[in-house]
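Worksheet: the structure to be examined is printed underneath.
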Amino acid sequence: MDRYGVIGDPIDHSLSPVIHHQFLFEANIEGEYRKILIPRSDLEKGIQMLRREGIKGFNVTIPHKEAIIPLLDEVDETAIQIGAVNTVVYKNGKFIGYNTDGYGFIRALKTVVKNLTGMKIAVIGAGGAARAVYFSLYKENVERIDVANRTIENARRLIGKYSPENFSEALSLEQLYDRMGNYDLIIQTTPVGMYPNVHELPISLNCLKKGTIVFDLIYRPLETEFLALAKKKGAIVENGINMLLYQAARSFWLWTGIDPDIESARKKMMKQLKGA
Ligand code: NAP
């Protein structure tokens with residue numbers, strides 16, 4: 001029996017077991033994928049326990065995505081650039097860290113826009129998910145990526161990490177509000193509007209222009225108030241579901257070498273999400 005799982009705290013809400021059990025089933029792999037609660041202060045002990053258990057791979061979620069980096073034997077270049085690991089593979093006695101969020105994001109984005117060349121983009125938020133989004137977009141020949149954040153200093157730090165001058169600007173949320181009409185694509189990466197605080201908005205959308213693509217990484221609820229408003233304003237919208245499925249598929253591929261079909265996992269997951 002091959003063992004996989006996801007570590008985090010809290011972990012009860014995770015949908016990863018639903019997705020990965022479906023992937024395992026379809027690949028005819030006899031395996032289990034479980035939720036593993038590891039408190040922030042017990043990460044090192046937790047990793048040792050997983051090693052003793054002979055786990056073949058695991059996902060990493062809040063609050064461990066950054067803290068795990070120095071505890072691994074090797075870390076892939078993309079994960080180092082993003083500064084966060086969400087997937088660990090056990091290979092030849094080593095735990096190796098990867099980040100599949102950026103991959104999942106780009107795959108999901110390309111279901112709504114095939115060619116990103118020349119696009120003007122605004123990212124809302126400057127946390128771990130924003131770094132994965134920024135880094136993956138940065139490699140896609142886009143025209144500019146501005147980052148707007150509640151704490152502008154964190155946006156400055158994010159763009160300072162990656163970008164040449166004149167490619168990105170750090171903005172306050174008020175500045176983004178004023179300039180919203182300048183962007184082709186707006187990506188919402190904060191947890192604002194996520195269940196149970198479903199009536200919260202990260203920023204008002206009064207100035208959104210028709211035809212803008214608006215991507216909200218949140219998938220619980222399936223349609224945040226932010227996305228509902230964007231739709232009303234004539235935007236093309238995308239929620240976090242495809243990104244979640246594609247980042248999971250990439251993790252599965254790293255563990256097994258199999259690129260799973262996401263459609264039956266999507267059906268299983270939608271059942272779980274109904275009513276959220
Ligand atoms: P994080 O590292 O904690 O980043 C949080 C970001 O949100 C920071 O920029 C923070 O601003 C901002 N923020 C938090 N609360 C805010 C508020 N009340 N008002 C305005 N800004 C606020 O979190 P993360 O790991 O990046 O995750 C962010 C979201 O992405 C979560 O909802 C997560 O579920 C989602 N996500 C989805 C996927 C997917 O597959 N669909 C994958 C990864 C993440 P400050 O800098 O001012 O604190």
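Just remember, in the structure tokens the first chain shown is A, the second B, etc., residues are 1-based per chain, and ligands are 1-based in the order shown.
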
So that I can see what lies close to segment 227-242 of chain A, please list as a short mmCIF file (atom, residue, chain, number, x, y, z; two decimals) with all heavy atoms, in the first residue's frame the residues with an atom at most 8 Å from it, counting only C-alpha atoms and leaving out residues fewer than 3 positions away in the same chain.
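This is the output file selection-v6.cif:
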data_model
loop_
_atom_site.label_atom_id
_atom_site.label_comp_id
_atom_site.auth_asym_id
_atom_site.auth_seq_id
_atom_site.Cartn_x
_atom_site.Cartn_y
_atom_site.Cartn_z
N GLY A 104 -0.29 24.91 -11.62
CA GLY A 104 -1.75 24.77 -11.58
C GLY A 104 -2.44 26.05 -11.99
O GLY A 104 -3.43 26.04 -12.73
N PHE A 105 -1.88 27.16 -11.54
CA PHE A 105 -2.46 28.47 -11.87
C PHE A 105 -2.42 28.72 -13.38
O PHE A 105 -3.41 29.10 -14.00
CB PHE A 105 -1.72 29.58 -11.11
CG PHE A 105 -2.05 30.94 -11.61
CD1 PHE A 105 -3.29 31.49 -11.36
CD2 PHE A 105 -1.14 31.64 -12.39
CE1 PHE A 105 -3.63 32.74 -11.87
CE2 PHE A 105 -1.47 32.89 -12.89
CZ PHE A 105 -2.71 33.44 -12.63
N ARG A 107 -2.05 26.57 -15.88
CA ARG A 107 -2.93 25.63 -16.61
C ARG A 107 -4.38 26.11 -16.54
O ARG A 107 -5.12 26.07 -17.53
CB ARG A 107 -2.86 24.21 -16.01
CG ARG A 107 -1.65 23.39 -16.37
CD ARG A 107 -1.62 22.90 -17.82
NE ARG A 107 -2.73 22.06 -18.25
CZ ARG A 107 -2.75 20.74 -18.26
NH1 ARG A 107 -1.69 20.06 -17.85
NH2 ARG A 107 -3.80 20.07 -18.70
N ALA A 108 -4.78 26.54 -15.33
CA ALA A 108 -6.17 26.99 -15.14
C ALA A 108 -6.42 28.27 -15.93
O ALA A 108 -7.45 28.41 -16.62
CB ALA A 108 -6.44 27.22 -13.66
N LEU A 109 -5.48 29.19 -15.89
CA LEU A 109 -5.64 30.47 -16.60
C LEU A 109 -5.77 30.22 -18.10
O LEU A 109 -6.57 30.86 -18.79
CB LEU A 109 -4.44 31.38 -16.29
CG LEU A 109 -4.45 32.76 -16.92
CD1 LEU A 109 -5.68 33.56 -16.50
CD2 LEU A 109 -3.18 33.53 -16.56
N VAL A 112 -9.06 29.85 -19.88
CA VAL A 112 -9.84 31.04 -20.27
C VAL A 112 -9.11 31.95 -21.25
O VAL A 112 -9.76 32.68 -21.99
CB VAL A 112 -10.31 31.88 -19.05
CG1 VAL A 112 -11.60 31.36 -18.48
CG2 VAL A 112 -9.27 32.02 -17.98
N LEU A 205 -15.29 46.95 -7.17
CA LEU A 205 -15.06 46.74 -8.60
C LEU A 205 -15.79 47.75 -9.47
O LEU A 205 -16.01 47.51 -10.66
CB LEU A 205 -15.49 45.31 -8.98
CG LEU A 205 -14.58 44.19 -8.48
CD1 LEU A 205 -15.19 42.83 -8.76
CD2 LEU A 205 -13.20 44.29 -9.13
N LEU A 208 -14.23 48.52 -12.88
CA LEU A 208 -13.80 47.40 -13.74
C LEU A 208 -14.35 47.58 -15.16
O LEU A 208 -15.52 47.90 -15.33
CB LEU A 208 -14.33 46.08 -13.16
CG LEU A 208 -13.80 44.81 -13.80
CD1 LEU A 208 -12.35 44.58 -13.37
CD2 LEU A 208 -14.65 43.60 -13.40
N LYS A 209 -13.50 47.35 -16.15
CA LYS A 209 -14.02 47.50 -17.53
C LYS A 209 -14.49 46.14 -18.06
O LYS A 209 -13.95 45.10 -17.70
CB LYS A 209 -13.00 48.19 -18.43
CG LYS A 209 -11.83 47.34 -18.86
CD LYS A 209 -11.03 48.01 -19.97
CE LYS A 209 -10.01 47.00 -20.46
NZ LYS A 209 -8.64 47.25 -20.22
N LYS A 210 -15.52 46.22 -18.90
CA LYS A 210 -16.13 45.04 -19.51
C LYS A 210 -15.06 44.23 -20.25
O LYS A 210 -14.19 44.82 -20.90
CB LYS A 210 -17.21 45.51 -20.48
CG LYS A 210 -18.22 44.47 -20.81
CD LYS A 210 -19.33 45.05 -21.67
CE LYS A 210 -20.09 43.88 -22.26
NZ LYS A 210 -20.98 44.26 -23.30
N GLY A 211 -15.12 42.91 -20.12
CA GLY A 211 -14.19 42.07 -20.87
C GLY A 211 -12.88 41.78 -20.15
O GLY A 211 -12.08 40.97 -20.62
N THR A 212 -12.68 42.41 -18.97
CA THR A 212 -11.48 42.09 -18.18
C THR A 212 -11.60 40.64 -17.71
O THR A 212 -12.70 40.17 -17.40
CB THR A 212 -11.40 43.02 -16.93
OG1 THR A 212 -11.57 44.35 -17.35
CG2 THR A 212 -10.07 42.87 -16.20
N ILE A 213 -10.47 39.96 -17.64
CA ILE A 213 -10.49 38.60 -17.07
C ILE A 213 -10.22 38.73 -15.57
O ILE A 213 -9.26 39.40 -15.17
CB ILE A 213 -9.43 37.72 -17.74
CG1 ILE A 213 -9.73 37.61 -19.23
CG2 ILE A 213 -9.40 36.33 -17.10
CD1 ILE A 213 -8.54 37.16 -20.04
N VAL A 214 -11.09 38.14 -14.75
CA VAL A 214 -10.93 38.22 -13.29
C VAL A 214 -10.86 36.80 -12.73
O VAL A 214 -11.77 35.99 -12.92
CB VAL A 214 -12.10 39.01 -12.65
CG1 VAL A 214 -11.97 39.01 -11.13
CG2 VAL A 214 -12.13 40.43 -13.18
N PHE A 215 -9.72 36.52 -12.08
CA PHE A 215 -9.45 35.17 -11.55
C PHE A 215 -9.37 35.29 -10.04
O PHE A 215 -8.58 36.08 -9.52
CB PHE A 215 -8.11 34.71 -12.13
CG PHE A 215 -7.78 33.25 -11.96
CD1 PHE A 215 -7.14 32.56 -12.99
CD2 PHE A 215 -8.07 32.56 -10.79
CE1 PHE A 215 -6.80 31.21 -12.87
CE2 PHE A 215 -7.74 31.21 -10.66
CZ PHE A 215 -7.10 30.54 -11.69
N ASP A 216 -10.21 34.55 -9.33
CA ASP A 216 -10.14 34.52 -7.86
C ASP A 216 -9.65 33.13 -7.46
O ASP A 216 -10.26 32.12 -7.84
CB ASP A 216 -11.54 34.79 -7.28
CG ASP A 216 -11.49 35.09 -5.79
OD1 ASP A 216 -10.56 34.59 -5.12
OD2 ASP A 216 -12.37 35.81 -5.30
N LEU A 217 -8.56 33.05 -6.71
CA LEU A 217 -7.98 31.75 -6.34
C LEU A 217 -8.86 30.96 -5.38
O LEU A 217 -8.68 29.76 -5.19
CB LEU A 217 -6.60 31.96 -5.69
CG LEU A 217 -5.39 31.83 -6.62
CD1 LEU A 217 -5.52 32.67 -7.85
CD2 LEU A 217 -4.10 32.14 -5.88
N ILE A 218 -9.81 31.66 -4.75
CA ILE A 218 -10.68 30.98 -3.77
C ILE A 218 -11.62 30.00 -4.49
O ILE A 218 -12.09 30.27 -5.59
CB ILE A 218 -11.49 32.05 -2.99
CG1 ILE A 218 -10.53 32.88 -2.11
CG2 ILE A 218 -12.59 31.42 -2.15
CD1 ILE A 218 -11.17 34.07 -1.42
N TYR A 219 -11.88 28.86 -3.88
CA TYR A 219 -12.83 27.90 -4.45
C TYR A 219 -13.93 27.52 -3.45
O TYR A 219 -14.80 26.72 -3.75
CB TYR A 219 -12.11 26.62 -4.92
CG TYR A 219 -11.17 26.05 -3.88
CD1 TYR A 219 -11.64 25.20 -2.90
CD2 TYR A 219 -9.83 26.37 -3.91
CE1 TYR A 219 -10.76 24.70 -1.95
CE2 TYR A 219 -8.96 25.88 -2.97
CZ TYR A 219 -9.43 25.04 -1.99
OH TYR A 219 -8.57 24.55 -1.05
N LEU A 222 -17.70 28.59 -4.38
CA LEU A 222 -17.31 28.49 -5.79
C LEU A 222 -17.36 29.85 -6.48
O LEU A 222 -16.55 30.12 -7.34
CB LEU A 222 -18.26 27.53 -6.51
CG LEU A 222 -18.10 26.07 -6.12
CD1 LEU A 222 -19.24 25.24 -6.66
CD2 LEU A 222 -16.76 25.54 -6.59
N GLU A 223 -18.33 30.65 -6.06
CA GLU A 223 -18.38 32.01 -6.60
C GLU A 223 -18.33 33.01 -5.44
O GLU A 223 -19.30 33.15 -4.70
CB GLU A 223 -19.65 32.22 -7.43
CG GLU A 223 -19.63 33.58 -8.12
CD GLU A 223 -20.80 33.77 -9.05
OE1 GLU A 223 -21.90 34.14 -8.58
OE2 GLU A 223 -20.63 33.55 -10.27
N THR A 224 -17.19 33.66 -5.28
CA THR A 224 -17.07 34.68 -4.23
C THR A 224 -17.90 35.89 -4.64
O THR A 224 -18.26 36.03 -5.82
CB THR A 224 -15.60 35.12 -4.08
OG1 THR A 224 -15.14 35.57 -5.36
CG2 THR A 224 -14.72 34.00 -3.57
N LEU A 245 -7.27 21.61 -8.95
CA LEU A 245 -7.19 20.30 -9.61
C LEU A 245 -5.86 20.12 -10.35
O LEU A 245 -5.23 19.06 -10.27
CB LEU A 245 -8.36 20.14 -10.60
CG LEU A 245 -9.72 19.89 -9.95
CD1 LEU A 245 -10.84 20.14 -10.94
CD2 LEU A 245 -9.81 18.47 -9.39
N TYR A 246 -5.42 21.18 -11.04
CA TYR A 246 -4.18 21.05 -11.83
C TYR A 246 -2.94 21.00 -10.93
O TYR A 246 -1.98 20.29 -11.24
CB TYR A 246 -4.06 22.19 -12.85
CG TYR A 246 -4.92 21.98 -14.08
CD1 TYR A 246 -5.86 22.92 -14.46
CD2 TYR A 246 -4.78 20.84 -14.87
CE1 TYR A 246 -6.66 22.74 -15.59
CE2 TYR A 246 -5.55 20.65 -16.00
CZ TYR A 246 -6.49 21.60 -16.36
OH TYR A 246 -7.27 21.40 -17.47
#

Legend entry - For His64 of chain A: contacts at 8 Å, only C-alpha atoms, fewer than 2 positions along chain excluded, given as a count of residues only: 10

Legend entry - 7 Å shell around ligand 1 using only C-alpha atoms and all ligand atoms, listed as a list in words: Ile62, Asp101, Gly104, Gly125, Ala126, Gly127, Gly128, Ala129, Ala130, Asn149, Arg150, Thr151, Asn154, Thr189, Thr190, Pro191, Val192, Met194, Pro202, Leu217, Ile218, Tyr219, Gly240, Ile241, Met243, Leu244 and Gln247 of chain A

Now that the selection is made, can you save its residues with N, CA and C atoms as an mmCIF file, in the first residue's frame?
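Saved to again_26.cif:
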data_model
loop_
_atom_site.group_PDB
_atom_site.id
_atom_site.type_symbol
_atom_site.label_atom_id
_atom_site.label_comp_id
_atom_site.auth_asym_id
_atom_site.auth_seq_id
_atom_site.Cartn_x
_atom_site.Cartn_y
_atom_site.Cartn_z
ATOM 1 N N ILE A 62 -0.931 25.433 4.708
ATOM 2 C CA ILE A 62 -0.730 26.413 5.786
ATOM 3 C C ILE A 62 -0.664 25.707 7.135
ATOM 4 N N ASP A 101 1.823 25.049 -7.355
ATOM 5 C CA ASP A 101 0.752 26.051 -7.413
ATOM 6 C C ASP A 101 0.848 26.904 -8.679
ATOM 7 N N GLY A 104 -0.294 24.915 -11.619
ATOM 8 C CA GLY A 104 -1.754 24.771 -11.578
ATOM 9 C C GLY A 104 -2.435 26.055 -11.988
ATOM 10 N N GLY A 125 -2.870 41.010 -3.476
ATOM 11 C CA GLY A 125 -2.282 40.154 -2.431
ATOM 12 C C GLY A 125 -0.805 39.951 -2.696
ATOM 13 N N ALA A 126 -0.071 39.663 -1.615
ATOM 14 C CA ALA A 126 1.385 39.506 -1.768
ATOM 15 C C ALA A 126 1.892 38.368 -0.880
ATOM 16 N N GLY A 127 1.039 37.378 -0.633
ATOM 17 C CA GLY A 127 1.441 36.240 0.191
ATOM 18 C C GLY A 127 2.020 35.110 -0.658
ATOM 19 N N GLY A 128 1.991 33.902 -0.104
ATOM 20 C CA GLY A 128 2.595 32.745 -0.775
ATOM 21 C C GLY A 128 1.944 32.449 -2.123
ATOM 22 N N ALA A 129 0.615 32.503 -2.178
ATOM 23 C CA ALA A 129 -0.078 32.200 -3.437
ATOM 24 C C ALA A 129 0.257 33.274 -4.476
ATOM 25 N N ALA A 130 0.333 34.529 -4.027
ATOM 26 C CA ALA A 130 0.673 35.626 -4.954
ATOM 27 C C ALA A 130 2.074 35.420 -5.527
ATOM 28 N N ASN A 149 -1.572 45.480 -2.557
ATOM 29 C CA ASN A 149 -1.719 44.756 -1.295
ATOM 30 C C ASN A 149 -2.099 45.696 -0.165
ATOM 31 N N ARG A 150 -2.807 45.125 0.825
ATOM 32 C CA ARG A 150 -3.168 45.896 2.027
ATOM 33 C C ARG A 150 -1.926 46.539 2.633
ATOM 34 N N THR A 151 -0.857 45.740 2.768
ATOM 35 C CA THR A 151 0.403 46.271 3.284
ATOM 36 C C THR A 151 1.323 46.458 2.082
ATOM 37 N N ASN A 154 4.751 44.781 1.670
ATOM 38 C CA ASN A 154 4.854 43.369 1.271
ATOM 39 C C ASN A 154 4.780 43.223 -0.253
ATOM 40 N N THR A 189 -5.661 37.033 -4.945
ATOM 41 C CA THR A 189 -4.971 35.929 -4.251
ATOM 42 C C THR A 189 -5.074 36.021 -2.726
ATOM 43 N N THR A 190 -5.901 36.934 -2.196
ATOM 44 C CA THR A 190 -6.014 36.989 -0.727
ATOM 45 C C THR A 190 -7.120 36.024 -0.264
ATOM 46 N N PRO A 191 -7.175 35.722 1.027
ATOM 47 C CA PRO A 191 -8.277 34.869 1.505
ATOM 48 C C PRO A 191 -9.576 35.638 1.739
ATOM 49 N N VAL A 192 -9.623 36.916 1.352
ATOM 50 C CA VAL A 192 -10.809 37.739 1.620
ATOM 51 C C VAL A 192 -11.992 37.271 0.755
ATOM 52 N N MET A 194 -13.434 34.301 1.463
ATOM 53 C CA MET A 194 -13.447 32.833 1.598
ATOM 54 C C MET A 194 -14.433 32.437 2.711
ATOM 55 N N PRO A 202 -12.213 42.132 -1.236
ATOM 56 C CA PRO A 202 -10.867 42.684 -1.096
ATOM 57 C C PRO A 202 -10.769 44.108 -1.628
ATOM 58 N N LEU A 217 -8.562 33.052 -6.708
ATOM 59 C CA LEU A 217 -7.982 31.752 -6.343
ATOM 60 C C LEU A 217 -8.862 30.959 -5.378
ATOM 61 N N ILE A 218 -9.805 31.655 -4.747
ATOM 62 C CA ILE A 218 -10.684 30.985 -3.767
ATOM 63 C C ILE A 218 -11.622 30.001 -4.486
ATOM 64 N N TYR A 219 -11.878 28.856 -3.880
ATOM 65 C CA TYR A 219 -12.833 27.895 -4.451
ATOM 66 C C TYR A 219 -13.934 27.522 -3.450
ATOM 67 N N GLY A 240 -11.095 29.239 -8.242
ATOM 68 C CA GLY A 240 -9.888 28.499 -7.902
ATOM 69 C C GLY A 240 -9.928 26.994 -8.127
ATOM 70 N N ILE A 241 -11.073 26.478 -8.652
ATOM 71 C CA ILE A 241 -11.219 25.022 -8.774
ATOM 72 C C ILE A 241 -10.211 24.388 -9.736
ATOM 73 N N MET A 243 -7.402 25.509 -10.755
ATOM 74 C CA MET A 243 -6.035 25.614 -10.219
ATOM 75 C C MET A 243 -5.793 24.521 -9.180
ATOM 76 N N LEU A 244 -6.785 24.321 -8.319
ATOM 77 C CA LEU A 244 -6.655 23.285 -7.285
ATOM 78 C C LEU A 244 -6.466 21.900 -7.921
ATOM 79 N N GLN A 247 -2.965 21.745 -9.806
ATOM 80 C CA GLN A 247 -1.787 21.641 -8.937
ATOM 81 C C GLN A 247 -1.730 20.245 -8.303
#

Inset, instruction - List every residue of segment 140-169 of chain A that DSSP, applied to the backbone, labels as strand (DSSP E), and write the result as a VMD selection string. - result: chain A and resid 144 to 148

Produce a file of the selected residues containing N, CA and C atoms, as an mmCIF file, in the first residue's frame.
data_model
loop_
_atom_site.group_PDB
_atom_site.id
_atom_site.type_symbol
_atom_site.label_atom_id
_atom_site.label_comp_id
_atom_site.auth_asym_id
_atom_site.auth_seq_id
_atom_site.Cartn_x
_atom_site.Cartn_y
_atom_site.Cartn_z
ATOM 1 N N ARG A 144 3.131 43.627 -18.230
ATOM 2 C CA ARG A 144 3.497 44.086 -16.886
ATOM 3 C C ARG A 144 2.659 43.377 -15.833
ATOM 4 N N ILE A 145 3.189 43.312 -14.627
ATOM 5 C CA ILE A 145 2.441 42.725 -13.508
ATOM 6 C C ILE A 145 2.579 43.680 -12.329
ATOM 7 N N ASP A 146 1.494 44.366 -11.986
ATOM 8 C CA ASP A 146 1.505 45.204 -10.792
ATOM 9 C C ASP A 146 0.922 44.407 -9.628
ATOM 10 N N VAL A 147 1.384 44.732 -8.430
ATOM 11 C CA VAL A 147 0.922 43.989 -7.250
ATOM 12 C C VAL A 147 0.321 44.969 -6.255
ATOM 13 N N ALA A 148 -0.959 44.763 -5.920
ATOM 14 C CA ALA A 148 -1.640 45.629 -4.958
ATOM 15 C C ALA A 148 -1.874 44.846 -3.674
#

Legend entry - Close residues, Ser204 of chain A itself excluded, 10 Å, only C-alpha atoms, min 3 positions apart in chain, as a ChimeraX atom specification: /A:173-174,176-177,180,201,207-208,226,229-230

Inset, instruction - To one decimal in Å, tell me the separation between atom CA of Trp253 of chain A and atom CA of Ile82 of chain A. - result: 20.0 Å

Legend entry - Option closest in space to Asp2 of chain A, from A:Lys45, A:Arg34, A:Lys56, A:His21 [counting only C-alpha atoms]: A:Lys56

Legend entry - Minimum-distance residue to Ile29 of chain A, chosen among A:Ala248, A:Met1, A:Leu116, A:Val6 (using only C-alpha atoms): A:Met1

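From atom CA of Ser163 of chain A back to atom CA of Ile187 of chain A, the distance works out to 17.8 Å.
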